[in-house]
Amino acid sequence: MICLVIATHRRVELTKNLIQKLLKEQNDIEIVVVVSDKSELNKYPNTHTIIVPNNPLGNKWQKGVNKARELNPEGIIILGSDDELCEGYVDNIRHLHSKGYEFIGVKQYYVKHNRKLYFFNYKPEQPIGGGRFYSKNLLDRIDWKIFKPNYNKHLDDYGYNQAINSGLLMCVIKDVNKYDLKVTANKGSWPMMNPFNAGHPNISLICVVS
């Protein structure tokens with residue numbers, strides 16, 4: 001079993017729909033959802049939902065990882081509350097993991113915004129945060145610490161450096177369509193850390209799909 005860890009805040013319908021899609025399209029998964037509002041505790045059926053303050057965000061994410069650890073998965077996937085995974089994503093991660101990769105991430109991703117679908121390259125050395133896989137072997141080696149609890153930004157950096165420092169085999173996918181590891185970020189009017197910005201210096205547009 002692979003556990004997906006999702007932190008969400010005040011976007012119930014979007015997150016609920018994405019979770020239902022995950023449960024329908026991915027095989028042998030459990031989902032940990034971390035919320036910060038008591039009213040959301042019972043909004044996500046068939047998940048393991050916990051409540052943690054929204055600030056600092058690093059602590060919120062790490063508490064979700066700690067909860068996933070209790071479920072003893074073969075690994076975890078980190079997923080934003082407005083991110084979608086393509087059908088079969090988890091099985092494709094398992095296939096790569098079976099080849100010895102203990103960390104897997106992607107360097108391309110899709111964005112849905114105003115009824116358009118965009119396809120981007122991510123310029124930094126590390127892969128995007130959404131869809132990252134950390135194996136149990138890797139997590140045990142780093143005591144399951146992939147987020148700095150006192151951080152509110154640059155949340156993905158620590159986990160990537162932890163993976164590098166583990167010395168274990170890593171796989172950073174530069175062609176997501178070849179490996180069918182597509183992540184789609186949904187952008188809208190709700191509050192978010194990274195609103196839609198096609199001109200952001202960390203990304204380059206490959207194409208507008210539709």
# chains A, B, ... in the order shown; residues from 1 in each chain; ligands from 1

call {"tool": "select_by_dssp", "arguments": {"residues": "stretch 11-188 of chain A", "states": "helix (DSSP H, G or I)", "output": "PDB file with C-alpha atoms, in the first residue's frame"}}
result
ATOM      1  CA  VAL A  12     -13.488  21.432   0.675  1.00  0.00           C
ATOM      2  CA  GLU A  13     -15.342  20.742  -2.572  1.00  0.00           C
ATOM      3  CA  LEU A  14     -12.227  20.809  -4.733  1.00  0.00           C
ATOM      4  CA  THR A  15     -10.284  18.546  -2.372  1.00  0.00           C
ATOM      5  CA  LYS A  16     -13.223  16.187  -1.907  1.00  0.00           C
ATOM      6  CA  ASN A  17     -13.644  15.764  -5.671  1.00  0.00           C
ATOM      7  CA  LEU A  18      -9.932  15.122  -6.174  1.00  0.00           C
ATOM      8  CA  ILE A  19      -9.886  12.536  -3.369  1.00  0.00           C
ATOM      9  CA  GLN A  20     -12.867  10.708  -4.867  1.00  0.00           C
ATOM     10  CA  LYS A  21     -11.025  10.636  -8.193  1.00  0.00           C
ATOM     11  CA  LEU A  22      -7.897   9.234  -6.511  1.00  0.00           C
ATOM     12  CA  LEU A  23      -9.830   6.481  -4.757  1.00  0.00           C
ATOM     13  CA  LYS A  24     -11.489   5.530  -8.035  1.00  0.00           C
ATOM     14  CA  GLU A  25      -8.406   5.582 -10.292  1.00  0.00           C
ATOM     15  CA  LYS A  38     -12.696  21.527  12.794  1.00  0.00           C
ATOM     16  CA  SER A  39     -15.623  21.840  10.398  1.00  0.00           C
ATOM     17  CA  GLU A  40     -13.591  19.887   7.798  1.00  0.00           C
ATOM     18  CA  LEU A  57       2.814  24.932   7.072  1.00  0.00           C
ATOM     19  CA  GLY A  58       5.928  22.816   7.450  1.00  0.00           C
ATOM     20  CA  ASN A  59       4.600  21.443  10.724  1.00  0.00           C
ATOM     21  CA  LYS A  60       1.207  20.756   9.143  1.00  0.00           C
ATOM     22  CA  TRP A  61       2.762  18.712   6.336  1.00  0.00           C
ATOM     23  CA  GLN A  62       5.130  16.856   8.648  1.00  0.00           C
ATOM     24  CA  LYS A  63       2.256  15.869  10.944  1.00  0.00           C
ATOM     25  CA  GLY A  64       0.596  14.329   7.893  1.00  0.00           C
ATOM     26  CA  VAL A  65       3.760  12.354   7.154  1.00  0.00           C
ATOM     27  CA  ASN A  66       3.854  11.220  10.793  1.00  0.00           C
ATOM     28  CA  LYS A  67       0.261   9.977  10.485  1.00  0.00           C
ATOM     29  CA  ALA A  68       1.126   8.095   7.298  1.00  0.00           C
ATOM     30  CA  ARG A  69       3.979   6.408   9.145  1.00  0.00           C
ATOM     31  CA  GLU A  70       1.458   4.837  11.530  1.00  0.00           C
ATOM     32  CA  TYR A  89      -0.009   7.135 -11.488  1.00  0.00           C
ATOM     33  CA  VAL A  90       0.507   5.071  -8.339  1.00  0.00           C
ATOM     34  CA  ASP A  91       1.010   1.826 -10.282  1.00  0.00           C
ATOM     35  CA  ASN A  92       3.573   3.555 -12.488  1.00  0.00           C
ATOM     36  CA  ILE A  93       5.384   4.762  -9.367  1.00  0.00           C
ATOM     37  CA  ARG A  94       5.364   1.180  -8.070  1.00  0.00           C
ATOM     38  CA  HIS A  95       6.922  -0.018 -11.325  1.00  0.00           C
ATOM     39  CA  LEU A  96       9.805   2.429 -10.984  1.00  0.00           C
ATOM     40  CA  HIS A  97      10.174   1.623  -7.297  1.00  0.00           C
ATOM     41  CA  SER A  98      10.493  -2.071  -8.197  1.00  0.00           C
ATOM     42  CA  LYS A 136       9.689   3.385   3.253  1.00  0.00           C
ATOM     43  CA  ASN A 137      13.346   2.449   2.976  1.00  0.00           C
ATOM     44  CA  LEU A 138      14.295   6.074   2.376  1.00  0.00           C
ATOM     45  CA  LEU A 139      11.906   7.377   5.019  1.00  0.00           C
ATOM     46  CA  ASP A 140      13.240   4.977   7.643  1.00  0.00           C
ATOM     47  CA  ARG A 141      16.771   6.127   6.873  1.00  0.00           C
ATOM     48  CA  ASP A 157      13.648  21.795  -0.437  1.00  0.00           C
ATOM     49  CA  TYR A 158      14.323  19.873   2.771  1.00  0.00           C
ATOM     50  CA  GLY A 159      12.784  16.599   1.609  1.00  0.00           C
ATOM     51  CA  TYR A 160      14.722  16.683  -1.646  1.00  0.00           C
ATOM     52  CA  ASN A 161      17.989  17.320   0.185  1.00  0.00           C
ATOM     53  CA  GLN A 162      17.156  14.522   2.605  1.00  0.00           C
ATOM     54  CA  ALA A 163      16.702  12.163  -0.337  1.00  0.00           C
ATOM     55  CA  ILE A 164      20.036  13.225  -1.839  1.00  0.00           C
ATOM     56  CA  ASN A 165      21.856  12.850   1.477  1.00  0.00           C
ATOM     57  CA  SER A 166      20.380   9.376   2.007  1.00  0.00           C
ATOM     58  CA  VAL A 176       6.186  12.730 -17.821  1.00  0.00           C
ATOM     59  CA  ASN A 177       4.238  11.562 -20.863  1.00  0.00           C
ATOM     60  CA  LYS A 178       6.754   8.807 -21.603  1.00  0.00           C
ATOM     61  CA  TYR A 179       6.379   7.383 -18.097  1.00  0.00           C
TER      62      TYR A 179
END

call {"tool": "residues_around", "arguments": {"residues": "A:Gly129", "least_positions_apart": "2", "cutoff": "12 Å", "atoms": "only C-alpha atoms", "output": "MDAnalysis selection string"}}
result
chainID A and resid 5:6 61 77:81 83 104:109 122 124 126:127 131:134 146:147 154:160 172 183:185 194

call {"tool": "closest_residue", "arguments": {"among": "A:Glu87, A:His200, A:Gly130, A:Ser135", "to": "A:Asp180", "atoms": "only C-alpha atoms"}}
result
A:Glu87

call {"tool": "closest_residue", "arguments": {"among": "A:Arg10, A:Lys43, A:His48, A:Lys112", "to": "A:Glu84", "atoms": "only C-alpha atoms"}}
result
A:Lys112

call {"tool": "closest_residue", "arguments": {"among": "A:Phe120, A:Gly167, A:Leu181, A:Trp144", "to": "A:Gly199", "atoms": "only C-alpha atoms"}}
result
A:Phe120

call {"tool": "closest_residue", "arguments": {"among": "A:Glu74, A:Lys99, A:Asn202, A:Pro56", "to": "A:Tyr151", "atoms": "only C-alpha atoms"}}
result
A:Pro56

call {"tool": "atom_distance", "arguments": {"atom1": "atom CA of A:His113", "atom2": "atom CA of A:Asn197"}}
result
10.0 Å

call {"tool": "select_by_dssp", "arguments": {"residues": "chain A", "states": "strand (DSSP E)", "output": "PyMOL selection string"}}
result
chain A and resi 2-7+29-35+48-51+75-80+83-85+103-106+108-113+116-122+132-135+170-173+183-187+203-208

call {"tool": "residues_around", "arguments": {"residues": "A:Ile51", "least_positions_apart": "3", "cutoff": "7 Å", "atoms": "only C-alpha atoms", "output": "ChimeraX atom specification"}}
result
/A:34-36
